[in-house]
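Here is the structure we will look at.
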Amino acid sequence: MNYSAKGERLFDGTILLVLALLCLAVIIPFWYIVVMSITPLEVWTNTKTAFFPPLNKITFAGYEQLLTSWRLPRSFGVSVFITLFGTTLNLLVTMMMAYPLTLPTSGSGHRSCSWSSSPCSSTAGSSRPTFSSAIFT
Amino acid sequence: MVTKAHELGHPEARTSQGVRKDGALKRAFREFRNQRVLYLMVLPGLLYFLIFRYYPMYGAIIAFKDYRVTDGITGSPWVGLEHFREVFSSTYFTNVLSNTLLISAYRFFFGIPAPILLALMLNEVRITWFKKSVQTVTYLPHFLSWVVIYGILSIMLSSSDGLVNKAIVGAGGAKISFLSDPDWFRSVLVASGIWKEIGWSAIIYLAALTAISTELYEAASVDGASRLRKIWDISLPGILPVVALVSLLNLGNLLSAGFEQVFLMYNPGVYSVGDIIDTWVYRQGIQNFQFSVAAAVGVFKGVIGLILIVSCNWLAKRFTGKGVIW
């Protein structure tokens, strides 16, 4: 079993490295955006090191403008409303529909109800793309 | 009113009270009356399907009519299969169809193995905090909408000052305009799709992996199996049913290659490689007012989708013993 000790470490190391790289592929874009958002535009266009914000020139003007205008709170409110109301309605209707359909029965009504609501019906006849849901879904 | 479920639900619950020798209609009516509370509960859901799923199908007949807004659906003259002939003989539709199939195929062949690989690798990590952080970080993009993801992408991939192009130039390469170059568009589309969903899709495989008995791994260790061999001969067969299930479900989406993502990311410069059925239908039907042509394509897509879903379900029934959907 001696050969495996070294091999094991190599194996573990490779996996850790690949996973770490994957994480970087997610973190770097987000970090880049955050740095960009707090760097003044004229500094941003002249700078080469994009990974670290210029500590003495950090500005939150962008956020200030966003939060003081009525647009963001308004659209955020709309999103929250649609999500909350939509989810509640969705849960209510699906629960009410699912419960009777799970009861053991052999009636014809049961069969036709579950067939008509199966995803089969949702794929046919959708001739237009549907635009759905809020910003954070 | 509090009524016990089993009293309402079971047809047998009432048959013992001597209602047998009636006609089928009468029996059906009695069954309906006995279970009226249950039917009332189903009603909102049924109404939803009738109004938003079945009633719109009536509108699909404009695919066989020369639809004019002023004449309405019933008033427009019938033209038979005219629009279908027109669509299928146009070269642009062939292009759009092959784009759709290609993008779906890429999504299938790269998008299905990626989360499986991630799950298998995560399963091998023994440092708990590392495993947990990798999972959390890779979930993150799933919770952002495509609009936000596209914003990030366009900043990262911008040909003037995007980070990726800065890196390429820094390494001595030439700038690539990822989002407007037809050679790159599909790759960016598929890669960003995987990037967004890889962590989320891995959850189902991780769940399946934890269900595998540890005794199998121990026995394999005693037999001197290497880690790779254990992955290949224990982990992979263990999650195979789930892999089959996910693949079958994805096959049903063959003709919808992700409207939202393509619609946000494409531009006229990459229509030749990026225009899919859904985006084309949108532009024809809603922007160019060619409702009948768009409806014809929609009917075509619906029929193919229906065939795919039914056959996928049939396949799943054959391989796993029960249908994915019904």
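We label chains A, B, ... in the order they appear in the structure tokens, count residues from 1 in each chain, and number ligands from 1 in the order shown.
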
Sorted by chain and rising residue number, list the residues of chain B at most 7 Å from chain A (counting only C-alpha atoms), each with its closest atom pair and distance in Å to one decimal, as a tab-separated table.
residue	atom	partner	partner_atom	distance
B:Gly9	CA	A:Leu103	CA	6.1
B:His10	CA	A:Thr105	CA	5.9
B:Pro11	CA	A:Thr105	CA	6.5
B:Leu38	CA	A:Pro100	CA	5.8
B:Met41	CA	A:Met96	CA	5.2
B:Val42	CA	A:Met97	CA	4.5
B:Pro44	CA	A:Val93	CA	6.3
B:Gly45	CA	A:Val93	CA	5.6
B:Phe49	CA	A:Ser117	CA	6.6
B:Arg53	CA	A:Ser122	CA	6.2
B:Met57	CA	A:Gly125	CA	4.9
B:Ala60	CA	A:Gly125	CA	6.6
B:Met121	CA	A:Ile15	CA	6.2
B:Val134	CA	A:Cys23	CA	6.2
B:Val137	CA	A:Cys23	CA	6.1
B:Thr138	CA	A:Cys23	CA	6.5
B:Phe143	CA	A:Thr137	CA	6.1
B:Leu144	CA	A:Phe136	CA	5.8
B:Ser145	CA	A:Phe136	CA	5.7
B:Ile152	CA	A:Pro29	CA	6.9
B:Met156	CA	A:Pro29	CA	6.8
B:Asp278	CA	A:Pro129	CA	6.6
B:Tyr282	CA	A:Pro129	CA	7.0
B:Ala295	CA	A:Ser127	CA	5.4
B:Gly298	CA	A:Ser127	CA	4.1
B:Val299	CA	A:Gly125	CA	6.1
B:Gly302	CA	A:Ala124	CA	4.2
B:Val303	CA	A:Ala124	CA	6.2
B:Gly305	CA	A:Thr123	CA	6.3
B:Leu306	CA	A:Ala124	CA	6.0

Go ahead and write the residues just picked, N, CA and C atoms, as a PDB file, in the first residue's frame.
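So the final result, stored in out-v7.pdb, reads:
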ATOM      1  N   GLY B   9     -62.558  10.887   0.102  1.00  0.00           N
ATOM      2  CA  GLY B   9     -61.718  10.444  -0.998  1.00  0.00           C
ATOM      3  C   GLY B   9     -62.068   9.080  -1.542  1.00  0.00           C
ATOM      4  N   HIS B  10     -62.339   8.137  -0.675  1.00  0.00           N
ATOM      5  CA  HIS B  10     -62.514   6.773  -1.167  1.00  0.00           C
ATOM      6  C   HIS B  10     -63.889   6.573  -1.747  1.00  0.00           C
ATOM      7  N   PRO B  11     -63.953   6.119  -3.004  1.00  0.00           N
ATOM      8  CA  PRO B  11     -65.251   5.767  -3.552  1.00  0.00           C
ATOM      9  C   PRO B  11     -65.828   4.588  -2.775  1.00  0.00           C
ATOM     10  N   LEU B  38     -63.581  17.890  -2.667  1.00  0.00           N
ATOM     11  CA  LEU B  38     -62.329  17.653  -3.396  1.00  0.00           C
ATOM     12  C   LEU B  38     -62.365  18.324  -4.760  1.00  0.00           C
ATOM     13  N   MET B  41     -61.701  21.867  -4.471  1.00  0.00           N
ATOM     14  CA  MET B  41     -60.279  22.164  -4.260  1.00  0.00           C
ATOM     15  C   MET B  41     -59.512  22.144  -5.571  1.00  0.00           C
ATOM     16  N   VAL B  42     -59.907  21.236  -6.469  1.00  0.00           N
ATOM     17  CA  VAL B  42     -59.200  21.119  -7.746  1.00  0.00           C
ATOM     18  C   VAL B  42     -59.567  22.259  -8.687  1.00  0.00           C
ATOM     19  N   PRO B  44     -59.700  25.659  -8.822  1.00  0.00           N
ATOM     20  CA  PRO B  44     -58.821  26.750  -9.252  1.00  0.00           C
ATOM     21  C   PRO B  44     -57.715  26.285 -10.185  1.00  0.00           C
ATOM     22  N   GLY B  45     -57.117  25.137  -9.862  1.00  0.00           N
ATOM     23  CA  GLY B  45     -56.046  24.606 -10.707  1.00  0.00           C
ATOM     24  C   GLY B  45     -56.557  24.255 -12.087  1.00  0.00           C
ATOM     25  N   PHE B  49     -55.516  25.842 -15.839  1.00  0.00           N
ATOM     26  CA  PHE B  49     -55.098  25.121 -17.046  1.00  0.00           C
ATOM     27  C   PHE B  49     -56.025  25.418 -18.216  1.00  0.00           C
ATOM     28  N   ARG B  53     -53.771  27.465 -20.485  1.00  0.00           N
ATOM     29  CA  ARG B  53     -53.101  26.431 -21.261  1.00  0.00           C
ATOM     30  C   ARG B  53     -53.935  25.898 -22.409  1.00  0.00           C
ATOM     31  N   MET B  57     -54.753  27.347 -26.970  1.00  0.00           N
ATOM     32  CA  MET B  57     -54.579  26.411 -28.081  1.00  0.00           C
ATOM     33  C   MET B  57     -55.566  26.714 -29.204  1.00  0.00           C
ATOM     34  N   ALA B  60     -54.244  28.805 -31.782  1.00  0.00           N
ATOM     35  CA  ALA B  60     -53.266  28.211 -32.693  1.00  0.00           C
ATOM     36  C   ALA B  60     -53.838  27.976 -34.074  1.00  0.00           C
ATOM     37  N   MET B 121     -16.194  15.140  -7.840  1.00  0.00           N
ATOM     38  CA  MET B 121     -15.019  15.738  -7.202  1.00  0.00           C
ATOM     39  C   MET B 121     -15.340  16.182  -5.781  1.00  0.00           C
ATOM     40  N   VAL B 134     -16.972  25.542  -1.505  1.00  0.00           N
ATOM     41  CA  VAL B 134     -17.050  25.349  -2.956  1.00  0.00           C
ATOM     42  C   VAL B 134     -18.507  25.247  -3.390  1.00  0.00           C
ATOM     43  N   VAL B 137     -20.170  28.740  -3.199  1.00  0.00           N
ATOM     44  CA  VAL B 137     -19.705  29.651  -4.249  1.00  0.00           C
ATOM     45  C   VAL B 137     -20.272  29.242  -5.606  1.00  0.00           C
ATOM     46  N   THR B 138     -20.311  27.945  -5.883  1.00  0.00           N
ATOM     47  CA  THR B 138     -20.794  27.543  -7.203  1.00  0.00           C
ATOM     48  C   THR B 138     -22.317  27.663  -7.329  1.00  0.00           C
ATOM     49  N   PHE B 143     -28.641  31.982  -8.574  1.00  0.00           N
ATOM     50  CA  PHE B 143     -29.650  32.858  -7.984  1.00  0.00           C
ATOM     51  C   PHE B 143     -29.740  34.220  -8.652  1.00  0.00           C
ATOM     52  N   LEU B 144     -28.903  34.458  -9.634  1.00  0.00           N
ATOM     53  CA  LEU B 144     -29.003  35.711 -10.366  1.00  0.00           C
ATOM     54  C   LEU B 144     -29.750  35.466 -11.668  1.00  0.00           C
ATOM     55  N   SER B 145     -30.505  36.485 -12.095  1.00  0.00           N
ATOM     56  CA  SER B 145     -31.257  36.314 -13.337  1.00  0.00           C
ATOM     57  C   SER B 145     -30.305  36.467 -14.524  1.00  0.00           C
ATOM     58  N   ILE B 152     -22.796  41.108 -16.224  1.00  0.00           N
ATOM     59  CA  ILE B 152     -21.448  40.699 -15.803  1.00  0.00           C
ATOM     60  C   ILE B 152     -20.638  40.216 -17.004  1.00  0.00           C
ATOM     61  N   MET B 156     -17.118  41.581 -18.425  1.00  0.00           N
ATOM     62  CA  MET B 156     -15.938  40.719 -18.408  1.00  0.00           C
ATOM     63  C   MET B 156     -15.382  40.484 -19.813  1.00  0.00           C
ATOM     64  N   ASP B 278     -37.337  30.057 -30.934  1.00  0.00           N
ATOM     65  CA  ASP B 278     -38.112  30.942 -30.066  1.00  0.00           C
ATOM     66  C   ASP B 278     -37.857  32.415 -30.350  1.00  0.00           C
ATOM     67  N   TYR B 282     -40.476  35.084 -31.968  1.00  0.00           N
ATOM     68  CA  TYR B 282     -40.748  36.353 -31.283  1.00  0.00           C
ATOM     69  C   TYR B 282     -40.631  37.530 -32.250  1.00  0.00           C
ATOM     70  N   ALA B 295     -47.304  31.504 -35.565  1.00  0.00           N
ATOM     71  CA  ALA B 295     -48.137  30.462 -34.972  1.00  0.00           C
ATOM     72  C   ALA B 295     -47.845  29.113 -35.609  1.00  0.00           C
ATOM     73  N   GLY B 298     -44.842  27.862 -34.070  1.00  0.00           N
ATOM     74  CA  GLY B 298     -45.173  27.472 -32.703  1.00  0.00           C
ATOM     75  C   GLY B 298     -45.871  26.127 -32.649  1.00  0.00           C
ATOM     76  N   VAL B 299     -46.804  25.892 -33.591  1.00  0.00           N
ATOM     77  CA  VAL B 299     -47.500  24.608 -33.637  1.00  0.00           C
ATOM     78  C   VAL B 299     -46.512  23.486 -33.943  1.00  0.00           C
ATOM     79  N   GLY B 302     -44.548  22.853 -30.862  1.00  0.00           N
ATOM     80  CA  GLY B 302     -45.369  22.192 -29.854  1.00  0.00           C
ATOM     81  C   GLY B 302     -45.554  20.717 -30.142  1.00  0.00           C
ATOM     82  N   VAL B 303     -45.795  20.385 -31.429  1.00  0.00           N
ATOM     83  CA  VAL B 303     -46.013  18.981 -31.789  1.00  0.00           C
ATOM     84  C   VAL B 303     -44.745  18.171 -31.548  1.00  0.00           C
ATOM     85  N   GLY B 305     -42.301  18.933 -29.527  1.00  0.00           N
ATOM     86  CA  GLY B 305     -42.067  18.875 -28.084  1.00  0.00           C
ATOM     87  C   GLY B 305     -42.937  17.819 -27.425  1.00  0.00           C
ATOM     88  N   LEU B 306     -44.202  17.745 -27.875  1.00  0.00           N
ATOM     89  CA  LEU B 306     -45.121  16.752 -27.317  1.00  0.00           C
ATOM     90  C   LEU B 306     -44.617  15.339 -27.597  1.00  0.00           C
TER      91      LEU B 306
END

Contact check, segment 61-150 of chain B to segment 250-269 of chain B, at most 10 Å, counting only C-alpha atoms, closest pairs as JSON lines:
{"residue": "B:Leu97", "atom": "CA", "partner": "B:Leu255", "partner_atom": "CA", "distance": 8.1}
{"residue": "B:Ser98", "atom": "CA", "partner": "B:Leu255", "partner_atom": "CA", "distance": 9.9}
{"residue": "B:Asn99", "atom": "CA", "partner": "B:Ala257", "partner_atom": "CA", "distance": 8.9}
{"residue": "B:Thr100", "atom": "CA", "partner": "B:Ala257", "partner_atom": "CA", "distance": 5.8}
{"residue": "B:Leu101", "atom": "CA", "partner": "B:Leu255", "partner_atom": "CA", "distance": 6.5}
{"residue": "B:Leu102", "atom": "CA", "partner": "B:Ala257", "partner_atom": "CA", "distance": 8.9}
{"residue": "B:Ile103", "atom": "CA", "partner": "B:Ala257", "partner_atom": "CA", "distance": 6.2}
{"residue": "B:Ser104", "atom": "CA", "partner": "B:Ala257", "partner_atom": "CA", "distance": 5.2}
{"residue": "B:Ala105", "atom": "CA", "partner": "B:Leu254", "partner_atom": "CA", "distance": 7.7}
{"residue": "B:Tyr106", "atom": "CA", "partner": "B:Ala257", "partner_atom": "CA", "distance": 9.9}
{"residue": "B:Arg107", "atom": "CA", "partner": "B:Ala257", "partner_atom": "CA", "distance": 8.2}
{"residue": "B:Phe108", "atom": "CA", "partner": "B:Asn250", "partner_atom": "CA", "distance": 7.4}
{"residue": "B:Ile112", "atom": "CA", "partner": "B:Asn250", "partner_atom": "CA", "distance": 8.9}
{"residue": "B:Ser145", "atom": "CA", "partner": "B:Gln261", "partner_atom": "CA", "distance": 9.5}
{"residue": "B:Trp146", "atom": "CA", "partner": "B:Gln261", "partner_atom": "CA", "distance": 6.1}
{"residue": "B:Val147", "atom": "CA", "partner": "B:Leu264", "partner_atom": "CA", "distance": 7.0}
{"residue": "B:Ile149", "atom": "CA", "partner": "B:Gln261", "partner_atom": "CA", "distance": 9.2}
{"residue": "B:Tyr150", "atom": "CA", "partner": "B:Met265", "partner_atom": "CA", "distance": 6.7}

Can I get the selected residues back with C-alpha atoms, as a short mmCIF file (atom, residue, chain, number, x, y, z; two decimals), in the first residue's frame?
data_model
loop_
_atom_site.label_atom_id
_atom_site.label_comp_id
_atom_site.auth_asym_id
_atom_site.auth_seq_id
_atom_site.Cartn_x
_atom_site.Cartn_y
_atom_site.Cartn_z
CA LEU B 97 -33.69 25.01 -36.81
CA SER B 98 -30.08 23.86 -37.11
CA ASN B 99 -28.97 26.63 -34.72
CA THR B 100 -31.54 25.44 -32.20
CA LEU B 101 -30.55 21.79 -32.50
CA LEU B 102 -26.82 22.59 -32.36
CA ILE B 103 -27.10 24.79 -29.27
CA SER B 104 -29.27 22.18 -27.58
CA ALA B 105 -26.78 19.45 -28.49
CA TYR B 106 -23.87 21.47 -27.09
CA ARG B 107 -25.83 22.16 -23.94
CA PHE B 108 -26.56 18.45 -23.66
CA ILE B 112 -24.83 17.21 -18.48
CA SER B 145 -31.26 36.31 -13.34
CA TRP B 146 -29.94 36.16 -16.89
CA VAL B 147 -30.18 39.93 -17.12
CA ILE B 149 -25.46 37.52 -15.67
CA TYR B 150 -25.45 39.18 -19.07
#

B:Ala225, B:Leu179, B:Ala208, B:Ala114: which is nearest Leu240 of chain B, counting only C-alpha atoms? B:Ala208

Running DSSP on the backbone, which parts of segment 98-243 of chain B land in helix (DSSP H, G or I), as a ChimeraX atom specification? /B:98-111,113-124,128-143,146-157,163-170,182-210,214-222,227-243

Counting only C-alpha atoms, what is within 12 Å of Lys230 of chain B, bar same-chain residues fewer than 3 positions away, as a list in words?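 Near Lys230 of chain B, the qualifying residues are Leu120, Asn123, Glu124, Ile212, Thr214, Glu215, Leu216, Tyr217, Glu218, Ala219, Ala220, Ser221, Val222, Asp223, Gly224, Ala225, Ser226, Arg227, Asp233, Ile234, Ser235, Leu236, Pro237 and Gly238 of chain B.
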
Write the selection just made, keeping C-alpha atoms, as a PDB file, in the first residue's frame?
ATOM      1  CA  LEU B 120     -17.903  13.423  -8.099  1.00  0.00           C
ATOM      2  CA  ASN B 123     -17.658  13.782  -3.054  1.00  0.00           C
ATOM      3  CA  GLU B 124     -13.941  13.049  -2.845  1.00  0.00           C
ATOM      4  CA  ILE B 212     -24.563   4.990  -1.816  1.00  0.00           C
ATOM      5  CA  THR B 214     -20.261   3.210   2.538  1.00  0.00           C
ATOM      6  CA  GLU B 215     -19.785  -0.543   2.869  1.00  0.00           C
ATOM      7  CA  LEU B 216     -19.238  -0.724  -0.866  1.00  0.00           C
ATOM      8  CA  TYR B 217     -16.338   1.725  -0.618  1.00  0.00           C
ATOM      9  CA  GLU B 218     -14.878  -0.080   2.385  1.00  0.00           C
ATOM     10  CA  ALA B 219     -15.061  -3.441   0.635  1.00  0.00           C
ATOM     11  CA  ALA B 220     -13.373  -1.938  -2.422  1.00  0.00           C
ATOM     12  CA  SER B 221     -10.599  -0.470  -0.237  1.00  0.00           C
ATOM     13  CA  VAL B 222      -9.991  -3.868   1.324  1.00  0.00           C
ATOM     14  CA  ASP B 223      -9.667  -5.267  -2.173  1.00  0.00           C
ATOM     15  CA  GLY B 224      -7.061  -2.617  -2.915  1.00  0.00           C
ATOM     16  CA  ALA B 225      -9.060  -0.489  -5.330  1.00  0.00           C
ATOM     17  CA  SER B 226      -7.663   2.960  -6.111  1.00  0.00           C
ATOM     18  CA  ARG B 227      -9.723   6.134  -5.652  1.00  0.00           C
ATOM     19  CA  ASP B 233     -17.053   1.324 -10.328  1.00  0.00           C
ATOM     20  CA  ILE B 234     -19.079   2.511  -7.328  1.00  0.00           C
ATOM     21  CA  SER B 235     -19.915   6.239  -7.467  1.00  0.00           C
ATOM     22  CA  LEU B 236     -20.705   6.421 -11.163  1.00  0.00           C
ATOM     23  CA  PRO B 237     -22.982   3.351 -11.340  1.00  0.00           C
ATOM     24  CA  GLY B 238     -24.634   4.585  -8.152  1.00  0.00           C
TER      25      GLY B 238
END

Give me, please, the distance in Å between atom CA of Trp195 of chain B and atom CA of Leu228 of chain B, quoted to one decimal.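 Between atom CA of Trp195 of chain B and atom CA of Leu228 of chain B the gap is 25.3 Å.
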
Distance atom CA of Ala202 of chain B-atom CA of Ala119 of chain B, one decimal place? 5.3 Å

What's the 10 Å shell around Trp78 of chain B, counting only C-alpha atoms, without same-chain residues fewer than 4 positions away, as a VMD selection string? chain B and resid 61 to 67 74 82

File of the preceding selection, C-alpha atoms, as an mmCIF file, in the first residue's frame:
data_model
loop_
_atom_site.group_PDB
_atom_site.id
_atom_site.type_symbol
_atom_site.label_atom_id
_atom_site.label_comp_id
_atom_site.auth_asym_id
_atom_site.auth_seq_id
_atom_site.Cartn_x
_atom_site.Cartn_y
_atom_site.Cartn_z
ATOM 1 C CA ILE B 61 -55.753 27.832 -35.565
ATOM 2 C CA ILE B 62 -54.432 31.115 -36.952
ATOM 3 C CA ALA B 63 -51.534 28.960 -38.179
ATOM 4 C CA PHE B 64 -53.984 27.632 -40.775
ATOM 5 C CA LYS B 65 -55.522 31.030 -41.524
ATOM 6 C CA ASP B 66 -54.366 34.251 -43.091
ATOM 7 C CA TYR B 67 -54.725 36.143 -39.848
ATOM 8 C CA THR B 74 -62.866 33.644 -36.775
ATOM 9 C CA GLU B 82 -49.834 27.562 -46.775
#

Polymer residues at most 10 Å from segment 313-322 of chain B, only C-alpha atoms, same-chain spacing of 5 or more positions, as a PyMOL selection string: chain B and resi 241-242+244-245+248-249+252+307-308

Counting only C-alpha atoms, which of A:Ile58, A:Ile82, A:Ala5, A:Leu72 gets nearest to Val35 of chain A?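 With only C-alpha atoms as the atom set, the closest residue is A:Ile58.
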
So the first atom is atom CA of Phe109 of chain B and the second is atom CA of Phe88 of chain B; what is the distance between them in Å, to one decimal place?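 Atom CA of Phe88 of chain B lies at a distance of 27.5 Å from atom CA of Phe109 of chain B.
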
Can you tell me which residues surround segment 38-42 of chain A at a distance of at most 12 Å, considering only C-alpha atoms, apart from same-chain residues fewer than 5 positions away, and format the answer as a list of chain:residue names?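 So the residues in contact are A:Trp31, A:Tyr32, A:Ile33, A:Thr47, A:Thr49, A:Ala50, A:Phe51, A:Phe52, A:Pro53, A:Pro54, A:Leu55, A:Asn56, A:Lys57, A:Ile58, A:Thr59, A:Phe60, A:Ala61, A:Gly62, A:Tyr63, A:Glu64.
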
Write out as a list in words the residues lying within 8 Å of Phe178 of chain B, counting only C-alpha atoms and excluding same-chain residues fewer than 3 positions away.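 Here the answer would be Leu157, Ser158, Ser159, Asp181, Trp184, Phe185 and Val188 of chain B.
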
Would you export the selected residues with N, CA and C atoms as a short mmCIF file (atom, residue, chain, number, x, y, z; two decimals), in the first residue's frame, please?
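To be explicit, this is the file written out as part-v7.cif:
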data_model
loop_
_atom_site.label_atom_id
_atom_site.label_comp_id
_atom_site.auth_asym_id
_atom_site.auth_seq_id
_atom_site.Cartn_x
_atom_site.Cartn_y
_atom_site.Cartn_z
N LEU B 157 -16.28 40.34 -20.80
CA LEU B 157 -15.85 39.92 -22.13
C LEU B 157 -15.75 41.08 -23.12
N SER B 158 -16.06 42.31 -22.64
CA SER B 158 -16.02 43.46 -23.54
C SER B 158 -14.70 43.52 -24.29
N SER B 159 -14.80 43.85 -25.60
CA SER B 159 -13.57 43.81 -26.40
C SER B 159 -12.71 45.04 -26.16
N ASP B 181 -18.78 38.03 -32.24
CA ASP B 181 -18.09 37.22 -33.23
C ASP B 181 -18.86 35.90 -33.42
N TRP B 184 -17.54 32.73 -31.95
CA TRP B 184 -17.46 32.54 -30.51
C TRP B 184 -18.79 32.50 -29.81
N PHE B 185 -19.84 32.96 -30.49
CA PHE B 185 -21.10 33.20 -29.80
C PHE B 185 -21.64 31.95 -29.10
N VAL B 188 -19.66 30.92 -26.02
CA VAL B 188 -19.93 31.78 -24.87
C VAL B 188 -21.30 31.46 -24.28
#
